Structure formats: structure tokens, C-alpha cells
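Visitor: This is run09.csv, which holds CSV, C-alpha atoms:
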```csv
chain,number,residue,atom,x,y,z
B,1,MET,CA,163.4,120.8,24.2
B,2,PRO,CA,159.8,120.9,22.8
B,3,GLU,CA,158.7,117.8,24.8
B,4,ASP,CA,160.0,119.4,28.1
B,5,THR,CA,158.3,122.7,27.1
B,6,LYS,CA,155.1,120.9,26.4
B,7,LYS,CA,155.1,119.0,29.7
B,8,THR,CA,155.9,122.1,31.7
B,9,LEU,CA,153.1,124.0,30.0
B,10,LYS,CA,150.6,121.2,30.2
B,11,ASP,CA,151.3,120.7,33.9
B,12,PHE,CA,150.9,124.4,34.6
B,13,ILE,CA,147.6,124.6,32.7
B,14,ILE,CA,146.2,121.6,34.5
B,15,ASP,CA,147.4,122.6,37.9
B,16,SER,CA,146.2,126.2,37.5
B,17,PHE,CA,143.0,125.9,35.6
B,18,LEU,CA,141.8,122.3,35.9
B,19,PRO,CA,143.0,121.1,39.3
B,20,PHE,CA,140.1,118.7,39.7
B,21,ALA,CA,140.0,117.3,36.2
B,22,GLU,CA,140.6,113.7,35.3
B,23,GLU,CA,143.7,112.7,33.4
B,24,ASN,CA,144.2,114.3,30.0
B,25,PRO,CA,141.3,116.8,30.2
B,26,PHE,CA,142.1,118.3,26.8
B,27,GLU,CA,143.8,117.4,23.5
B,28,ASP,CA,146.9,119.2,22.3
B,29,GLU,CA,145.0,121.1,19.6
B,30,ASP,CA,141.9,122.0,21.7
B,31,SER,CA,141.1,125.8,21.9
B,32,PHE,CA,141.5,126.9,25.5
B,33,MET,CA,138.9,129.6,25.0
B,34,GLU,CA,136.3,127.4,23.3
B,35,LYS,CA,136.7,124.7,25.8
B,36,GLY,CA,136.3,127.2,28.6
B,37,ILE,CA,139.7,126.1,30.0
B,38,ILE,CA,141.2,129.6,30.2
B,39,ASN,CA,139.4,132.9,30.7
B,40,SER,CA,140.8,136.4,30.4
B,41,THR,CA,142.4,136.4,33.8
B,42,GLY,CA,143.8,133.0,33.0
B,43,VAL,CA,145.6,134.4,30.0
B,44,LEU,CA,147.3,136.9,32.3
B,45,GLU,CA,148.4,134.1,34.6
B,46,LEU,CA,149.6,132.1,31.7
B,47,LEU,CA,151.6,135.1,30.3
B,48,GLN,CA,153.2,135.7,33.7
B,49,PHE,CA,154.1,132.0,33.9
B,50,ILE,CA,155.7,131.7,30.5
B,51,GLU,CA,157.6,134.9,30.9
B,52,GLU,CA,159.1,133.9,34.2
B,53,THR,CA,159.6,130.2,33.5
B,54,PHE,CA,161.2,130.5,30.1
B,55,GLU,CA,162.7,134.0,30.6
B,56,ILE,CA,161.1,135.5,27.6
B,57,THR,CA,159.3,138.7,27.1
B,58,VAL,CA,155.9,138.6,25.4
B,59,GLU,CA,154.9,141.8,23.6
B,60,ASP,CA,151.3,143.0,23.8
B,61,GLU,CA,150.8,142.4,20.1
B,62,GLU,CA,151.8,138.8,20.5
B,63,VAL,CA,149.0,138.1,23.0
B,64,ILE,CA,146.7,136.6,20.4
B,65,PRO,CA,144.9,133.3,20.0
B,66,ASP,CA,147.2,132.2,17.2
B,67,ASN,CA,150.0,132.1,19.7
B,68,LEU,CA,148.3,131.0,22.9
B,69,ASP,CA,145.0,129.3,22.3
B,70,SER,CA,146.0,125.6,22.4
B,71,LEU,CA,148.8,123.6,23.8
B,72,ASN,CA,150.3,123.1,20.4
B,73,LYS,CA,150.2,126.8,19.6
B,74,LEU,CA,151.6,127.7,22.9
B,75,VAL,CA,154.5,125.3,22.6
B,76,SER,CA,155.4,126.5,19.2
B,77,PHE,CA,155.2,130.1,20.3
B,78,VAL,CA,157.4,129.6,23.4
B,79,GLU,CA,159.9,127.6,21.3
B,80,ARG,CA,160.1,130.4,18.8
B,81,LYS,CA,160.6,133.0,21.5
B,82,ILE,CA,163.3,130.9,23.2
B,83,ASN,CA,165.2,130.4,19.9
B,84,ALA,CA,164.7,134.0,18.7
E,85,MET,CA,117.0,138.4,7.3
E,86,LEU,CA,119.1,140.5,9.7
E,87,GLU,CA,118.2,143.9,8.4
E,88,ASN,CA,116.0,146.0,10.7
E,89,VAL,CA,115.6,143.1,13.1
E,90,LEU,CA,116.4,145.3,16.0
E,91,THR,CA,113.9,148.0,15.1
E,92,LEU,CA,111.3,148.4,17.9
E,93,ASP,CA,107.7,149.2,17.8
E,94,CYS,CA,108.3,151.8,20.6
E,95,LYS,CA,104.7,152.3,21.6
E,96,GLU,CA,104.1,148.6,22.0
E,97,GLN,CA,107.4,148.2,24.0
E,98,VAL,CA,106.4,151.0,26.4
E,99,GLU,CA,103.1,149.4,27.0
E,100,ARG,CA,104.7,146.0,27.6
E,101,ILE,CA,107.4,147.3,29.9
E,102,CYS,CA,105.0,149.6,31.9
E,103,SER,CA,102.7,146.7,32.4
E,104,PHE,CA,105.6,144.6,33.7
E,105,ILE,CA,106.7,147.3,36.1
E,106,CYS,CA,103.1,147.7,37.4
E,107,ARG,CA,102.6,143.9,37.8
E,108,GLN,CA,105.8,143.5,39.6
E,109,THR,CA,105.3,146.4,41.9
E,110,GLN,CA,101.9,145.0,42.9
E,111,ALA,CA,103.2,141.4,43.2
E,112,LEU,CA,105.9,142.5,45.5
E,113,LYS,CA,103.4,144.7,47.4
E,114,ARG,CA,105.6,147.8,46.9
E,115,GLU,CA,104.3,151.4,46.6
E,116,GLY,CA,106.8,152.7,44.0
E,117,ALA,CA,110.3,152.4,42.6
E,118,VAL,CA,113.7,153.7,43.3
E,119,VAL,CA,116.0,154.2,40.3
E,120,GLY,CA,119.7,155.0,40.6
E,121,LEU,CA,120.3,157.8,38.2
E,122,SER,CA,123.8,157.6,36.8
E,123,GLY,CA,123.5,160.2,34.2
E,124,GLY,CA,123.5,157.5,31.5
E,125,ILE,CA,120.9,156.4,29.0
E,126,ASP,CA,119.8,153.2,30.6
E,127,SER,CA,118.8,154.7,34.0
E,128,ALA,CA,117.3,157.8,32.3
E,129,LEU,CA,115.1,155.5,30.2
E,130,ILE,CA,114.1,153.4,33.2
E,131,ALA,CA,113.2,156.5,35.2
E,132,ALA,CA,110.9,157.6,32.3
E,133,LEU,CA,109.3,154.2,32.1
E,134,CYS,CA,108.7,154.1,35.8
E,135,VAL,CA,107.0,157.5,35.7
E,136,GLU,CA,104.9,156.3,32.8
E,137,ALA,CA,104.0,153.1,34.7
E,138,LEU,CA,103.6,154.3,38.2
E,139,GLY,CA,103.2,158.1,38.1
E,140,LYS,CA,105.9,160.6,39.0
E,141,SER,CA,104.9,160.7,42.7
E,142,ARG,CA,105.9,157.0,43.1
E,143,VAL,CA,109.4,157.3,41.6
E,144,LEU,CA,112.5,158.3,43.5
E,145,GLY,CA,115.7,159.1,41.7
E,146,LEU,CA,118.9,158.5,43.6
E,147,ILE,CA,122.0,160.3,42.4
E,148,LEU,CA,125.1,158.7,44.0
E,149,PRO,CA,128.3,160.4,42.9
E,150,GLU,CA,131.8,159.9,44.3
E,151,LYS,CA,134.9,161.9,43.8
E,152,GLU,CA,135.9,160.1,40.6
E,153,SER,CA,132.6,160.4,38.9
E,154,SER,CA,132.3,162.8,35.9
E,155,PRO,CA,130.7,166.0,37.1
E,156,GLU,CA,128.4,165.8,34.1
E,157,SER,CA,126.8,162.6,35.4
E,158,SER,CA,125.1,164.3,38.3
E,159,LYS,CA,124.2,167.4,36.3
E,160,PHE,CA,122.5,165.4,33.5
E,161,ALA,CA,120.8,163.1,36.0
E,162,GLU,CA,119.4,166.1,37.8
E,163,LYS,CA,118.2,167.7,34.6
E,164,HIS,CA,116.5,164.6,33.4
E,165,ALA,CA,114.8,164.1,36.8
E,166,LEU,CA,113.6,167.7,36.8
E,167,LYS,CA,112.1,167.1,33.3
E,168,LEU,CA,110.3,164.0,34.6
E,169,GLY,CA,109.1,165.8,37.7
E,170,ILE,CA,110.3,163.1,40.1
E,171,SER,CA,111.8,163.6,43.6
E,172,THR,CA,115.6,163.0,43.8
E,173,LYS,CA,118.1,162.6,46.6
E,174,ILE,CA,121.8,163.3,46.0
E,175,VAL,CA,124.0,161.2,48.3
E,176,GLU,CA,127.7,161.6,48.0
E,177,ILE,CA,129.3,158.2,48.5
E,178,THR,CA,132.9,159.2,48.7
E,179,SER,CA,133.0,159.1,52.5
E,180,PRO,CA,131.6,155.6,52.8
E,181,LEU,CA,133.9,154.4,50.1
E,182,GLU,CA,136.9,156.0,51.9
E,183,ALA,CA,135.7,154.3,55.1
E,184,PHE,CA,135.7,151.0,53.3
E,185,GLY,CA,139.1,151.7,51.8
E,186,THR,CA,138.1,151.5,48.2
E,187,TYR,CA,140.6,154.1,46.9
E,188,GLU,CA,143.4,153.0,49.2
E,189,LYS,CA,143.0,149.3,48.4
E,190,ARG,CA,143.0,150.1,44.7
E,191,ASP,CA,145.9,152.5,44.9
E,192,GLU,CA,148.1,150.0,46.8
E,193,VAL,CA,147.7,147.5,43.9
E,194,ILE,CA,148.4,150.1,41.3
E,195,LYS,CA,151.6,151.1,43.1
E,196,GLN,CA,152.9,147.6,42.8
E,197,ILE,CA,152.8,147.6,39.0
E,198,PHE,CA,153.4,151.3,38.6
E,199,PRO,CA,155.6,152.6,41.5
E,200,GLU,CA,155.5,156.3,40.4
E,201,TYR,CA,151.7,156.4,40.9
E,202,ASN,CA,150.4,158.9,43.4
E,203,LYS,CA,147.1,160.6,44.1
E,204,ASP,CA,147.7,163.3,41.4
E,205,TYR,CA,147.5,160.6,38.7
E,206,LYS,CA,144.3,159.8,36.9
E,207,ILE,CA,143.7,156.3,35.7
E,208,LYS,CA,141.5,153.9,33.7
E,209,ILE,CA,141.7,150.3,32.5
E,210,VAL,CA,141.0,149.3,28.9
E,211,LEU,CA,141.0,146.3,26.6
E,212,PRO,CA,142.6,146.1,23.2
E,213,PRO,CA,140.6,148.2,20.7
E,214,ASP,CA,138.4,147.0,17.9
E,215,LEU,CA,138.1,143.2,18.1
E,216,LEU,CA,136.7,143.0,14.5
E,217,ALA,CA,139.8,144.7,13.1
E,218,GLN,CA,142.4,142.7,15.0
E,219,ASP,CA,142.3,139.5,17.0
E,220,ALA,CA,143.7,139.8,20.5
E,221,PHE,CA,142.8,138.4,23.9
E,222,ASN,CA,141.0,140.5,26.5
E,223,LEU,CA,144.2,141.8,27.9
E,224,PHE,CA,143.6,144.7,30.3
E,225,LYS,CA,146.0,147.7,30.4
E,226,LEU,CA,146.2,150.3,33.1
E,227,ILE,CA,146.4,153.8,31.5
E,228,THR,CA,147.7,156.5,33.8
E,229,GLU,CA,147.9,160.3,33.3
E,230,ASP,CA,150.1,162.5,35.5
E,231,SER,CA,149.3,166.0,36.5
E,232,GLU,CA,151.2,167.3,33.5
E,233,GLY,CA,149.2,165.2,31.0
E,234,ASN,CA,151.8,162.5,30.4
E,235,ILE,CA,150.1,159.2,29.5
E,236,ASN,CA,151.6,155.8,30.5
E,237,SER,CA,150.3,152.3,29.8
E,238,VAL,CA,151.1,149.1,31.8
E,239,ARG,CA,149.8,145.6,31.1
E,240,LEU,CA,148.0,144.3,34.1
E,241,ASN,CA,148.8,140.9,35.7
E,242,LYS,CA,146.2,138.8,37.3
E,243,VAL,CA,146.8,140.0,40.8
E,244,ALA,CA,146.7,143.7,39.8
E,245,LEU,CA,143.6,143.2,37.6
E,246,ASN,CA,141.7,141.4,40.3
E,247,GLY,CA,142.7,143.9,42.9
E,248,ILE,CA,141.7,146.9,40.9
E,249,VAL,CA,138.4,145.3,39.8
E,250,ALA,CA,137.5,144.1,43.3
E,251,ALA,CA,138.1,147.6,44.8
E,252,THR,CA,136.3,149.4,42.0
E,253,ASN,CA,133.3,147.1,42.1
E,254,THR,CA,132.7,148.3,45.7
E,255,LYS,CA,131.5,151.6,44.1
E,256,GLN,CA,128.5,149.8,42.5
E,257,ARG,CA,127.9,147.8,45.6
E,258,MET,CA,127.9,150.9,47.8
E,259,ARG,CA,125.3,152.3,45.4
E,260,MET,CA,123.2,149.2,45.8
E,261,LEU,CA,123.3,149.6,49.6
E,262,HIS,CA,121.9,153.1,49.3
E,263,LEU,CA,119.3,152.1,46.8
E,264,TYR,CA,118.0,149.4,49.1
E,265,PHE,CA,118.1,151.7,52.1
E,266,TYR,CA,115.7,154.2,50.5
E,267,ALA,CA,113.7,151.5,48.8
E,268,GLU,CA,113.0,149.7,52.1
E,269,LYS,CA,112.3,152.9,53.9
E,270,LYS,CA,109.7,153.9,51.4
E,271,ASN,CA,108.4,150.4,50.7
E,272,TYR,CA,109.6,150.8,47.0
E,273,LEU,CA,111.3,148.3,44.8
E,274,VAL,CA,114.7,148.8,43.3
E,275,CYS,CA,114.4,149.0,39.6
E,276,GLY,CA,117.4,147.7,37.6
E,277,THR,CA,118.8,149.3,34.5
E,278,THR,CA,120.8,146.5,32.9
E,279,ASN,CA,120.1,146.0,29.1
E,280,LYS,CA,120.5,142.8,27.1
E,281,SER,CA,123.9,143.7,25.5
E,282,GLU,CA,125.2,144.0,29.1
E,283,ASN,CA,123.3,141.1,30.6
E,284,MET,CA,124.4,138.6,28.0
E,285,GLN,CA,128.0,139.3,28.5
E,286,GLY,CA,128.1,140.0,32.2
E,287,PHE,CA,128.7,143.8,32.0
E,288,PHE,CA,127.3,144.5,35.5
E,289,VAL,CA,128.5,143.9,39.0
E,290,LYS,CA,127.1,141.0,41.0
E,291,TYR,CA,125.3,142.5,44.0
E,292,GLY,CA,126.1,145.9,42.7
E,293,ASP,CA,124.1,147.3,39.8
E,294,GLY,CA,123.0,143.7,39.3
E,295,GLY,CA,121.5,143.7,42.8
E,296,VAL,CA,117.9,144.8,42.1
E,297,ASP,CA,114.3,143.7,42.3
E,298,ILE,CA,113.3,143.9,38.7
E,299,GLU,CA,115.1,144.3,35.3
E,300,PRO,CA,112.6,145.9,32.9
E,301,ILE,CA,115.0,146.5,29.9
E,302,ALA,CA,117.1,143.3,30.1
E,303,HIS,CA,115.4,142.1,26.9
E,304,LEU,CA,116.5,145.2,24.9
E,305,PHE,CA,119.8,145.6,23.2
E,306,LYS,CA,121.6,148.9,23.7
E,307,THR,CA,120.7,150.2,20.3
E,308,GLN,CA,117.0,149.5,21.2
E,309,VAL,CA,117.5,151.4,24.5
E,310,TYR,CA,118.5,154.4,22.3
E,311,GLN,CA,115.3,154.0,20.2
E,312,LEU,CA,113.1,153.9,23.3
E,313,ALA,CA,115.0,156.7,25.0
E,314,GLU,CA,114.3,158.9,21.9
E,315,HIS,CA,110.6,157.9,22.0
E,316,MET,CA,110.4,158.6,25.8
E,317,GLY,CA,112.0,162.0,25.5
E,318,VAL,CA,115.2,161.4,27.4
E,319,ILE,CA,117.2,164.6,27.4
E,320,ARG,CA,119.5,165.3,24.5
E,321,GLU,CA,122.7,165.6,26.6
E,322,ILE,CA,122.2,162.0,27.9
E,323,ILE,CA,121.4,160.5,24.5
E,324,ALA,CA,124.4,162.2,22.9
E,325,ARG,CA,126.8,161.0,25.6
E,326,LYS,CA,129.1,158.0,25.1
E,327,PRO,CA,128.1,155.2,27.6
E,328,SER,CA,130.7,154.8,30.3
E,329,PRO,CA,131.1,152.8,33.5
E,330,ASP,CA,132.1,156.2,35.1
E,331,THR,CA,134.1,154.5,37.8
E,332,TYR,CA,137.6,155.6,36.9
E,333,SER,CA,139.2,159.0,37.2
E,334,LEU,CA,140.1,159.1,33.5
E,335,PRO,CA,137.2,159.1,31.0
E,336,VAL,CA,136.6,155.6,29.6
E,337,ASN,CA,133.7,154.4,27.5
E,338,ASP,CA,132.0,151.0,27.5
E,339,GLU,CA,133.5,150.1,24.2
E,340,GLU,CA,137.1,150.6,25.4
E,341,PHE,CA,136.4,149.1,28.7
E,342,PHE,CA,134.5,146.0,27.8
E,343,PHE,CA,132.7,145.5,24.5
E,344,ARG,CA,135.5,146.2,22.0
E,345,MET,CA,133.2,147.2,19.1
E,346,PRO,CA,130.5,149.8,18.5
E,347,PHE,CA,127.0,149.0,19.7
E,348,ASP,CA,125.4,148.9,16.2
E,349,LYS,CA,127.7,146.0,15.3
E,350,LEU,CA,127.8,144.4,18.7
E,351,ASP,CA,124.0,144.2,19.0
E,352,LEU,CA,123.5,142.7,15.6
E,353,LEU,CA,126.2,140.2,16.2
E,354,LEU,CA,124.8,139.3,19.6
E,355,TYR,CA,121.4,138.8,18.0
E,356,ALA,CA,122.9,136.6,15.3
E,357,TRP,CA,124.8,134.6,17.9
E,358,GLU,CA,121.8,134.1,20.1
E,359,ASN,CA,119.5,133.2,17.2
E,360,LYS,CA,122.1,131.0,15.4
E,361,ILE,CA,121.9,133.0,12.2
E,362,SER,CA,124.0,131.4,9.4
E,363,LEU,CA,127.5,132.8,9.0
E,364,ALA,CA,126.8,133.5,5.3
E,365,ASP,CA,123.8,135.7,6.2
E,366,ILE,CA,125.7,137.6,8.8
E,367,CYS,CA,128.7,138.2,6.6
E,368,SER,CA,126.5,139.4,3.7
E,369,VAL,CA,124.4,141.8,5.8
E,370,MET,CA,127.2,143.1,8.0
E,371,GLU,CA,129.9,143.1,5.4
E,372,LEU,CA,132.2,141.1,7.7
E,373,THR,CA,134.4,138.1,7.0
E,374,GLU,CA,133.7,134.7,8.5
E,375,GLU,CA,136.9,135.1,10.5
E,376,GLN,CA,135.6,138.4,12.1
E,377,VAL,CA,132.3,136.9,13.0
E,378,LYS,CA,133.8,133.8,14.5
E,379,ARG,CA,136.2,136.1,16.5
E,380,ALA,CA,133.2,138.1,17.9
E,381,PHE,CA,131.3,134.9,18.7
E,382,ARG,CA,134.3,133.5,20.5
E,383,ASP,CA,134.5,136.6,22.6
E,384,PHE,CA,130.7,136.5,23.4
E,385,THR,CA,131.1,132.8,24.4
E,386,ALA,CA,134.0,133.5,26.7
E,387,LYS,CA,132.4,136.5,28.4
E,388,SER,CA,129.0,134.8,28.7
E,389,HIS,CA,130.6,131.7,30.2
E,390,ALA,CA,132.7,133.8,32.6
E,391,SER,CA,129.7,135.7,33.9
E,392,ARG,CA,127.2,132.8,34.1
E,393,HIS,CA,127.5,132.8,37.9
E,394,ALA,CA,126.4,136.5,38.1
E,395,ARG,CA,123.2,135.8,36.1
E,396,ASN,CA,122.1,132.8,38.2
E,397,MET,CA,121.1,132.2,41.7
E,398,PRO,CA,123.9,130.6,43.8
E,399,PRO,CA,124.0,126.9,43.2
E,400,ALA,CA,122.6,124.9,46.0
E,401,LEU,CA,121.9,121.2,46.8
E,402,LYS,CA,118.4,119.9,46.8
E,403,ALA,CA,117.0,117.7,49.6
E,404,GLU,CA,117.2,114.1,48.6
E,405,ASP,CA,113.9,112.4,47.8
E,406,GLY,CA,112.1,111.4,51.0
E,407,LYS,CA,114.5,113.3,53.2
E,408,ASN,CA,114.2,116.7,54.6
E,409,ARG,CA,117.9,117.3,55.0
```
Translate this structure into C-alpha cells?

Guide:
Amino acid sequence: MPEDTKKTLKDFIIDSFLPFAEENPFEDEDSFMEKGIINSTGVLELLQFIEETFEITVEDEEVIPDNLDSLNKLVSFVERKINA
Amino acid sequence: MLENVLTLDCKEQVERICSFICRQTQALKREGAVVGLSGGIDSALIAALCVEALGKSRVLGLILPEKESSPESSKFAEKHALKLGISTKIVEITSPLEAFGTYEKRDEVIKQIFPEYNKDYKIKIVLPPDLLAQDAFNLFKLITEDSEGNINSVRLNKVALNGIVAATNTKQRMRMLHLYFYAEKKNYLVCGTTNKSENMQGFFVKYGDGGVDIEPIAHLFKTQVYQLAEHMGVIREIIARKPSPDTYSLPVNDEEFFFRMPFDKLDLLLYAWENKISLADICSVMELTEEQVKRAFRDFTAKSHASRHARNMPPALKAEDGKNR
């Protein structure tokens, strides 16, 4: 379910990259890169998490900002992969 | 507006940089300069500038190869030093790196993601090519080549990337130890070789090649380093060589490893980013789309942000007003 996916991803991002942030540290459409939330090693961590949690395989050519660079983009991407 | 903006008045630059080197040497009460000669263009230029500023008898070139360095690196460094007429010391750093466990620690990490790996393999790590042509995150891949020339590629996870980088960075840090040993022994300063293209994006190792006393070319973009190197008579072999970190057993150049675009485009885009040139002007002069420019700027922002700590002094608290604690 998209809402479950969204919560799982948001919790992971906050726990991993913003553990000391106040509630709701970013909006769903905020760019993780531009906001300085996720750096390049963070992307690797995120990839590993979504592959293991949602049992999907992300191809190298899919590791692009259009798929991963905001919560909304990430949820859509993961949902597409789950339903593929 | 952007055309020719990076063209140097080389004579004026040499005077300015040499004056800086002299002033700093005097201010630090040092008697000369140590330069780590990597066989690359930045250190070759720095050595030439130090000779111009201080005289050849006050410059020591240290050549610090290890078993995975390109053999050309030492050869070119020696040839350039000979042309400049400076003293050199060649110190092989493989043994101290082995004593630290640099290769072993790195190889253990590699085996976890690529179990077939053994000492006969050669390796490098690279980023996706050509950021301007195709958008992609900075996803590092390990490239391996076995003894028969078979190439393999594995995406690195965070643990593997951090493990490989941490081990590999000990090479630059080992060089820093040697540079300071000779510098202190001779009462010389350690002269840095980082240029502006590298400095802005954090392409140096904190307390490695970033661990120096002065940085005389940190205001020059890489393409400007080339202009000045030509002017100062750096040897042709070094000028013609593709810049490389030279820390992996497979050849890898700076563009594949970090920058993801050629230096002529990179430098102009970095200049435009730093000076807030309008997108319209950039696109028109560089024949790029707005999307490409924005992509490059996003990459600059991310790398600059990630490396801020390496450019600054360690954050520290200040004593509260009226209290000495």
C-alpha cells in the first residue's frame, strides 16, 4: 500500500539521515540532494534498504534523481517496482 | 560574458604566487619548501613556482611511490625535478602502508562484495560517466581486472565504499607524514598542490594531500593550472598526461573517479556557479541546456556540502563572555 510504503521510507530516511531533526523535517516533494538530506553514500544506504525491505532489484540505470530524489518520487518508484 | 574569463595573465600570476610563497615562508620562519612530486601537473607547477620564488637550493622534491603507483609517475617527477635542478628524495612507502595494513584492509572489504578477488586482480573505483549527457547519482562502482584481462564491475554499497576509501586515503596520509618529517628536519614548509577545481568540491584527502602549510594555487582552476604550467616550462610528458589520483592498481583519471566531465566544461561551470552567472548566459556560451547546467550545479552543491568539513578548521566552542572556560 502506498501509505505504508511512504511511512516505511520516511521513517528510514529520518532515522538514518536526520536522527536529531524535529518532527517533519522535510516535505514530501523536497529534493533530498538540494536540502542536503542525503549525500552520495546516503544514496547507497537508501538503495540497500529499499532492495532488502521491498525485495526489489534496482538497476544501475534506475539510480537517478527522477526516481529517488524526494519522498514522493521514491514512493512512486518503489511502488512501480513492486507492481512490475 | 563567460568567454575567456579563465584566461590568465601568466606573468602577473607568477609574480603574485611567488610573492605569496616568499611572504609565507618568511612569516612561518622557514628556510625553504618541500613539495610532494606526484608526477602530475599540479605538483610539477608548484615545484617550478617554488624554485622561482625561493631558488632551487631551497626546494626539496619528495617522490613517494607505492606498489600500485604508475611507474610513469616517478619517472616524470624525477625528470621534471632534474630540469628544475632541485634536490629530490625518493621514498618507497609500500612498506609503511603494509605495516599499517592499507592493502589488507582494503582487500578484505573487496572480497566481501567480490569473493573471487585475489592479489592478482587490479582494481579501480569509478562514478557514472558524463554527468552532462545523462543524469545519475554519484554511484561508485568497483571495476576489477583479472590476470587474463577479464573486466568485471560491481556496484559498491556504503560499507564497501567507505572501507575502500578509508584504506586508500591512508596512502595520501602516509605521504603527508613523510612530507612533514623532511620539512621539519630541514625547517621547510610543506607546500600544497590543491587547485580550485579540487578545493571547491573536496577532491583532496583531509590530513592527506590537504595537510599542508600553504596552498599557492588554490585560487586557480585546473585549466588555469595548465596555462601556468605551459608558461613555467613544465615538461611535456606531465602536461600531456591525464590527471589521475594514481592510488588504484588500474589506471583511473580524475574525470572518471570524481568530476564526471572534462575540465574545460567543469571549470567554466564552476566559475559560473560561484559567480552566479545567469542560466541564459551559461547556456548560450557553453551550448548546454538549462537542465544540464542545473544538473552540474546540483552536483557541485552536493560535493561542496559534503566536503565542507575538510576545508574548515574543526568546529570548536568559544569561551562564554566573561568566563575563561

Visitor: Need to verify the contact set: E:Ser158, 9 Å, all atoms listed in the file, exclusion of same-chain residues closer than 2 positions in sequence. Can you return it as a PyMOL selection string?

Guide: chain E and resi 121-123+147-149+153-156+160-163+174

Visitor: For chain B, report every residue with an atom at most 9 Å from chain E (counting all atoms listed in the file), formatted as a PDB file with C-alpha atoms, keeping the file's coordinate frame.

Guide:
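After the write, out.pdb holds the following:
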```
ATOM      1  CA  MET B  33     138.900 129.600  25.000  1.00  0.00           C
ATOM      2  CA  GLU B  34     136.300 127.400  23.300  1.00  0.00           C
ATOM      3  CA  GLY B  36     136.300 127.200  28.600  1.00  0.00           C
ATOM      4  CA  ILE B  38     141.200 129.600  30.200  1.00  0.00           C
ATOM      5  CA  ASN B  39     139.400 132.900  30.700  1.00  0.00           C
ATOM      6  CA  SER B  40     140.800 136.400  30.400  1.00  0.00           C
ATOM      7  CA  THR B  41     142.400 136.400  33.800  1.00  0.00           C
ATOM      8  CA  GLY B  42     143.800 133.000  33.000  1.00  0.00           C
ATOM      9  CA  VAL B  43     145.600 134.400  30.000  1.00  0.00           C
ATOM     10  CA  LEU B  44     147.300 136.900  32.300  1.00  0.00           C
ATOM     11  CA  GLU B  45     148.400 134.100  34.600  1.00  0.00           C
ATOM     12  CA  LEU B  47     151.600 135.100  30.300  1.00  0.00           C
ATOM     13  CA  GLN B  48     153.200 135.700  33.700  1.00  0.00           C
ATOM     14  CA  ASP B  60     151.300 143.000  23.800  1.00  0.00           C
ATOM     15  CA  GLU B  61     150.800 142.400  20.100  1.00  0.00           C
ATOM     16  CA  GLU B  62     151.800 138.800  20.500  1.00  0.00           C
ATOM     17  CA  VAL B  63     149.000 138.100  23.000  1.00  0.00           C
ATOM     18  CA  ILE B  64     146.700 136.600  20.400  1.00  0.00           C
ATOM     19  CA  PRO B  65     144.900 133.300  20.000  1.00  0.00           C
ATOM     20  CA  ASP B  66     147.200 132.200  17.200  1.00  0.00           C
TER      21      ASP B  66
END
```

Visitor: So that I can see what lies close to B:Thr8, please list as a list in words the residues with an atom at most 12 Å from it, counting all atoms listed in the file and leaving out residues fewer than 5 positions away in the same chain.

Guide: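 Residues meeting the cut-off are Met1, Pro2, Glu3, Ile13, Ile14, Asp15, Leu46, Phe49, Ile50, Thr53, Phe54, Leu71, Leu74, Val75 and Val78 of chain B.
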
Visitor: Save out the residues we just selected, C-alpha atoms, as a PDB file, in the frame of the given file.

Guide:
```
ATOM      1  CA  MET B   1     163.400 120.800  24.200  1.00  0.00           C
ATOM      2  CA  PRO B   2     159.800 120.900  22.800  1.00  0.00           C
ATOM      3  CA  GLU B   3     158.700 117.800  24.800  1.00  0.00           C
ATOM      4  CA  ILE B  13     147.600 124.600  32.700  1.00  0.00           C
ATOM      5  CA  ILE B  14     146.200 121.600  34.500  1.00  0.00           C
ATOM      6  CA  ASP B  15     147.400 122.600  37.900  1.00  0.00           C
ATOM      7  CA  LEU B  46     149.600 132.100  31.700  1.00  0.00           C
ATOM      8  CA  PHE B  49     154.100 132.000  33.900  1.00  0.00           C
ATOM      9  CA  ILE B  50     155.700 131.700  30.500  1.00  0.00           C
ATOM     10  CA  THR B  53     159.600 130.200  33.500  1.00  0.00           C
ATOM     11  CA  PHE B  54     161.200 130.500  30.100  1.00  0.00           C
ATOM     12  CA  LEU B  71     148.800 123.600  23.800  1.00  0.00           C
ATOM     13  CA  LEU B  74     151.600 127.700  22.900  1.00  0.00           C
ATOM     14  CA  VAL B  75     154.500 125.300  22.600  1.00  0.00           C
ATOM     15  CA  VAL B  78     157.400 129.600  23.400  1.00  0.00           C
TER      16      VAL B  78
END
```

Visitor: Go through B:Asp4, B:Ser31, B:Ala84, B:Ile37 and flag the residue nearest B:Ser16, using only C-alpha atoms for the distances.

Guide: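 Among the listed residues, B:Ile37 lies closest to B:Ser16.
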
Visitor: So how many Å separate atom CA of E:His393 and atom CA of E:Asp214, to one decimal?

Guide: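 So the two atoms, atom CA of E:His393 and atom CA of E:Asp214, lie 26.8 Å apart.
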
Visitor: Produce stretch 59-70 of chain B of the given structure as output with N, CA and C atoms, as a tab-separated table (two decimals), in the first residue's frame.

Guide:
```tsv
chain	number	residue	atom	x	y	z
B	59	GLU	N	18.23	-1.46	-10.84
B	59	GLU	CA	19.30	-1.48	-11.83
B	59	GLU	C	20.10	-0.17	-11.75
B	60	ASP	N	21.35	-0.22	-12.18
B	60	ASP	CA	22.20	0.98	-12.12
B	60	ASP	C	21.55	2.16	-12.84
B	61	GLU	N	20.96	1.89	-13.99
B	61	GLU	CA	20.39	3.00	-14.78
B	61	GLU	C	19.13	3.58	-14.13
B	62	GLU	N	18.63	2.91	-13.11
B	62	GLU	CA	17.46	3.45	-12.40
B	62	GLU	C	17.87	4.35	-11.22
B	63	VAL	N	19.16	4.38	-10.92
B	63	VAL	CA	19.63	5.19	-9.78
B	63	VAL	C	19.81	6.63	-10.23
B	64	ILE	N	18.69	7.28	-10.47
B	64	ILE	CA	18.69	8.65	-10.98
B	64	ILE	C	17.78	9.52	-10.10
B	65	PRO	N	18.02	10.82	-10.09
B	65	PRO	CA	17.20	11.70	-9.25
B	65	PRO	C	15.70	11.59	-9.54
B	66	ASP	N	15.32	11.35	-10.79
B	66	ASP	CA	13.89	11.24	-11.11
B	66	ASP	C	13.21	10.12	-10.32
B	67	ASN	N	13.97	9.12	-9.92
B	67	ASN	CA	13.38	8.00	-9.17
B	67	ASN	C	13.57	8.11	-7.66
B	68	LEU	N	14.60	8.85	-7.23
B	68	LEU	CA	14.97	8.74	-5.81
B	68	LEU	C	15.07	10.06	-5.05
B	69	ASP	N	14.94	11.19	-5.75
B	69	ASP	CA	15.34	12.44	-5.09
B	69	ASP	C	14.22	13.21	-4.39
B	70	SER	N	13.20	12.54	-3.93
B	70	SER	CA	12.23	13.14	-2.99
B	70	SER	C	11.40	11.98	-2.46
```
